[in-house]
Amino acid sequence: MKIYALTLVLLVSLLSGCSALDNVNQSVNYVSSVTAYINDTSDLAQQLPDLTQQSLNDPQAREQLTQQLQNAQQQINTFNQLEPPAFAKELHQQLSGYSATLGTEVNSLIDQAQAGKLTAQSLNNSQIFQTIDQINGLLNQFQQLGQ
(Lines give C-alpha, C1' and ligand atoms only; values in the text may rest on other atoms or scores of the structure.)
Protein backbone atom coordinates (compact mmCIF):
# COMPACT_ATOMS: atom_id res chain seq x y z
CA MET A 1 0.00 0.00 0.00
CA LYS A 2 2.85 2.38 0.84
CA ILE A 3 4.44 1.68 -2.55
CA TYR A 4 1.24 2.65 -4.35
CA ALA A 5 0.92 5.84 -2.31
CA LEU A 6 4.55 6.74 -2.96
CA THR A 7 4.13 6.01 -6.67
CA LEU A 8 1.03 8.18 -6.78
CA VAL A 9 2.83 11.07 -5.04
CA LEU A 10 5.77 10.80 -7.44
CA LEU A 11 3.47 10.67 -10.45
CA VAL A 12 1.56 13.77 -9.33
CA SER A 13 4.85 15.57 -8.67
CA LEU A 14 6.16 14.72 -12.11
CA LEU A 15 2.97 15.80 -13.83
CA SER A 16 2.86 19.13 -12.05
CA GLY A 17 6.54 19.64 -12.88
CA CYS A 18 5.81 19.00 -16.55
CA SER A 19 3.02 21.55 -16.45
CA ALA A 20 5.36 24.16 -15.01
CA LEU A 21 7.95 23.31 -17.64
CA ASP A 22 5.32 23.65 -20.38
CA ASN A 23 4.39 27.10 -19.03
CA VAL A 24 8.02 28.18 -19.11
CA ASN A 25 8.43 26.87 -22.66
CA GLN A 26 5.26 28.64 -23.81
CA SER A 27 6.45 31.88 -22.24
CA VAL A 28 9.86 31.65 -23.87
CA ASN A 29 8.27 30.82 -27.23
CA TYR A 30 5.89 33.76 -26.89
CA VAL A 31 8.66 36.24 -26.08
CA SER A 32 10.77 34.87 -28.95
CA SER A 33 7.87 35.22 -31.39
CA VAL A 34 7.11 38.77 -30.29
CA THR A 35 10.78 39.75 -30.47
CA ALA A 36 11.03 38.37 -34.02
CA TYR A 37 7.85 40.25 -34.97
CA ILE A 38 9.18 43.53 -33.62
CA ASN A 39 12.52 43.03 -35.35
CA ASP A 40 10.71 42.32 -38.63
CA THR A 41 8.73 45.55 -38.36
CA SER A 42 11.97 47.41 -37.75
CA ASP A 43 13.49 45.83 -40.86
CA LEU A 44 10.44 46.90 -42.86
CA ALA A 45 10.90 50.51 -41.74
CA GLN A 46 14.51 50.43 -42.90
CA GLN A 47 13.66 48.95 -46.32
CA LEU A 48 10.56 50.99 -47.15
CA PRO A 49 12.16 54.28 -48.22
CA ASP A 50 14.55 52.66 -50.73
CA LEU A 51 11.95 50.26 -52.09
CA THR A 52 9.47 53.09 -52.48
CA GLN A 53 11.97 55.22 -54.37
CA GLN A 54 12.95 52.33 -56.64
CA SER A 55 9.31 51.43 -57.30
CA LEU A 56 8.65 54.80 -58.94
CA ASN A 57 10.52 53.82 -62.11
CA ASP A 58 10.83 50.05 -61.90
CA PRO A 59 7.79 47.73 -62.11
CA GLN A 60 9.81 44.89 -60.58
CA ALA A 61 10.70 47.06 -57.61
CA ARG A 62 7.02 47.97 -57.29
CA GLU A 63 6.18 44.27 -57.19
CA GLN A 64 8.90 43.69 -54.59
CA LEU A 65 7.56 46.57 -52.51
CA THR A 66 4.04 45.17 -52.69
CA GLN A 67 5.34 41.75 -51.70
CA GLN A 68 7.22 43.19 -48.70
CA LEU A 69 4.08 44.97 -47.55
CA GLN A 70 1.99 41.83 -48.00
CA ASN A 71 4.58 39.89 -45.97
CA ALA A 72 4.27 42.52 -43.25
CA GLN A 73 0.51 42.08 -43.28
CA GLN A 74 0.95 38.32 -42.88
CA GLN A 75 3.31 38.87 -39.95
CA ILE A 76 0.71 41.11 -38.32
CA ASN A 77 -1.92 38.40 -38.78
CA THR A 78 0.43 35.80 -37.29
CA PHE A 79 1.11 38.06 -34.31
CA ASN A 80 -2.63 38.53 -33.79
CA GLN A 81 -2.98 34.76 -33.37
CA LEU A 82 -0.47 34.59 -30.50
CA GLU A 83 -1.86 33.80 -27.10
CA PRO A 84 0.09 35.73 -24.47
CA PRO A 85 0.94 34.22 -21.12
CA ALA A 86 -0.85 35.80 -18.17
CA PHE A 87 2.10 37.95 -17.14
CA ALA A 88 2.31 39.55 -20.61
CA LYS A 89 -1.37 40.25 -21.29
CA GLU A 90 -1.22 44.00 -20.64
CA LEU A 91 1.89 44.51 -22.75
CA HIS A 92 0.45 42.26 -25.46
CA GLN A 93 -2.71 44.35 -25.53
CA GLN A 94 -0.65 47.50 -26.06
CA LEU A 95 1.30 45.86 -28.88
CA SER A 96 -1.95 44.58 -30.40
CA GLY A 97 -3.24 48.15 -30.60
CA TYR A 98 -0.11 49.31 -32.38
CA SER A 99 -0.29 46.28 -34.68
CA ALA A 100 -3.87 47.08 -35.64
CA THR A 101 -2.79 50.59 -36.59
CA LEU A 102 0.18 49.18 -38.50
CA GLY A 103 -2.12 46.79 -40.35
CA THR A 104 -4.33 49.66 -41.49
CA GLU A 105 -1.31 51.64 -42.64
CA VAL A 106 0.21 48.67 -44.47
CA ASN A 107 -3.09 48.05 -46.28
CA SER A 108 -3.16 51.66 -47.40
CA LEU A 109 0.43 51.45 -48.66
CA ILE A 110 -0.33 48.21 -50.51
CA ASP A 111 -3.21 49.92 -52.31
CA GLN A 112 -1.01 52.90 -53.21
CA ALA A 113 1.87 50.68 -54.35
CA GLN A 114 -0.36 48.53 -56.55
CA ALA A 115 -1.80 51.66 -58.12
CA GLY A 116 1.71 53.02 -58.71
CA LYS A 117 0.94 56.02 -56.52
CA LEU A 118 3.21 55.36 -53.57
CA THR A 119 5.85 58.05 -53.43
CA ALA A 120 8.47 59.01 -50.89
CA GLN A 121 6.28 61.94 -49.90
CA SER A 122 3.15 59.84 -49.39
CA LEU A 123 5.21 57.32 -47.43
CA ASN A 124 6.56 60.07 -45.19
CA ASN A 125 3.05 61.48 -44.77
CA SER A 126 1.80 58.12 -43.51
CA GLN A 127 2.01 57.24 -39.85
CA ILE A 128 3.83 53.95 -40.48
CA PHE A 129 7.20 55.08 -39.16
CA GLN A 130 5.71 56.50 -35.97
CA THR A 131 3.76 53.29 -35.40
CA ILE A 132 6.85 51.15 -35.97
CA ASP A 133 8.75 53.38 -33.53
CA GLN A 134 6.04 52.75 -30.95
CA ILE A 135 6.27 49.01 -31.58
CA ASN A 136 10.07 49.13 -31.31
CA GLY A 137 9.70 50.97 -28.01
CA LEU A 138 8.12 47.84 -26.55
CA LEU A 139 10.98 45.53 -27.55
CA ASN A 140 13.01 46.05 -24.39
CA GLN A 141 9.97 45.41 -22.21
CA PHE A 142 9.26 42.12 -23.98
CA GLN A 143 12.88 41.05 -23.74
CA GLN A 144 12.79 41.70 -20.00
CA LEU A 145 9.75 39.42 -19.74
CA GLY A 146 11.80 36.62 -21.26
CA GLN A 147 14.48 36.85 -18.57
# chains A, B, ... in the order shown; residues from 1 in each chain; ligands from 1

call {"tool": "residues_around", "arguments": {"residues": "region 28-41 of chain A", "least_positions_apart": "3", "cutoff": "8 Å", "atoms": "only C-alpha atoms", "output": "VMD selection string"}}
result
chain A and resid 24 to 25 44 to 45 72 75 to 76 79 82 to 85 132 135 to 136 139 142 to 143 145 to 146

call {"tool": "select_by_dssp", "arguments": {"residues": "region 39-103 of chain A", "states": "alpha helix (DSSP H)", "output": "PyMOL selection string"}}
result
chain A and resi 39-55+59-80+89-103

call {"tool": "residues_around", "arguments": {"residues": "region 108-118 of chain A", "least_positions_apart": "3", "cutoff": "7 Å", "atoms": "only C-alpha atoms", "output": "JSON, numbers by chain"}}
result
{"A": [52, 62, 66, 69, 104, 105, 122, 123]}

call {"tool": "closest_residue", "arguments": {"among": "A:Ser42, A:Lys89, A:Thr78, A:Ile128", "to": "Thr101 (chain A)", "atoms": "only C-alpha atoms"}}
result
A:Ile128

call {"tool": "atom_distance", "arguments": {"atom1": "CA of Gln134 (chain A)", "atom2": "CA of Gln94 (chain A)"}}
result
9.8 Å

call {"tool": "residues_around", "arguments": {"residues": "Gln68 (chain A)", "least_positions_apart": "4", "cutoff": "9 Å", "atoms": "only C-alpha atoms", "output": "mmCIF file with N, CA, C and O atoms, in the first residue's frame"}}
result
data_model
loop_
_atom_site.group_PDB
_atom_site.id
_atom_site.type_symbol
_atom_site.label_atom_id
_atom_site.label_comp_id
_atom_site.auth_asym_id
_atom_site.auth_seq_id
_atom_site.Cartn_x
_atom_site.Cartn_y
_atom_site.Cartn_z
ATOM 1 N N LEU A 44 11.336 46.315 -41.859
ATOM 2 C CA LEU A 44 10.440 46.904 -42.857
ATOM 3 C C LEU A 44 10.639 48.410 -42.924
ATOM 4 O O LEU A 44 10.737 48.982 -44.018
ATOM 5 N N GLN A 47 13.701 49.261 -44.890
ATOM 6 C CA GLN A 47 13.655 48.955 -46.316
ATOM 7 C C GLN A 47 12.670 49.817 -47.101
ATOM 8 O O GLN A 47 12.861 50.038 -48.298
ATOM 9 N N LEU A 48 11.630 50.273 -46.448
ATOM 10 C CA LEU A 48 10.559 50.986 -47.150
ATOM 11 C C LEU A 48 11.009 52.200 -47.964
ATOM 12 O O LEU A 48 10.606 52.330 -49.126
ATOM 13 N N GLU A 63 6.662 45.595 -57.577
ATOM 14 C CA GLU A 63 6.180 44.265 -57.187
ATOM 15 C C GLU A 63 6.862 43.803 -55.898
ATOM 16 O O GLU A 63 6.226 43.243 -55.012
ATOM 17 N N GLN A 64 8.156 44.053 -55.793
ATOM 18 C CA GLN A 64 8.896 43.685 -54.585
ATOM 19 C C GLN A 64 8.376 44.469 -53.380
ATOM 20 O O GLN A 64 8.216 43.914 -52.292
ATOM 21 N N ALA A 72 4.479 41.827 -44.529
ATOM 22 C CA ALA A 72 4.273 42.522 -43.252
ATOM 23 C C ALA A 72 2.847 42.283 -42.756
ATOM 24 O O ALA A 72 2.633 42.054 -41.555
ATOM 25 N N GLN A 73 1.901 42.317 -43.663
ATOM 26 C CA GLN A 73 0.509 42.084 -43.279
ATOM 27 C C GLN A 73 0.339 40.658 -42.738
ATOM 28 O O GLN A 73 -0.365 40.437 -41.757
#

call {"tool": "atom_distance", "arguments": {"atom1": "CA of Phe87 (chain A)", "atom2": "CA of Leu138 (chain A)"}}
result
14.9 Å

call {"tool": "atom_distance", "arguments": {"atom1": "CA of Ser96 (chain A)", "atom2": "CA of Gln121 (chain A)"}}
result
27.4 Å
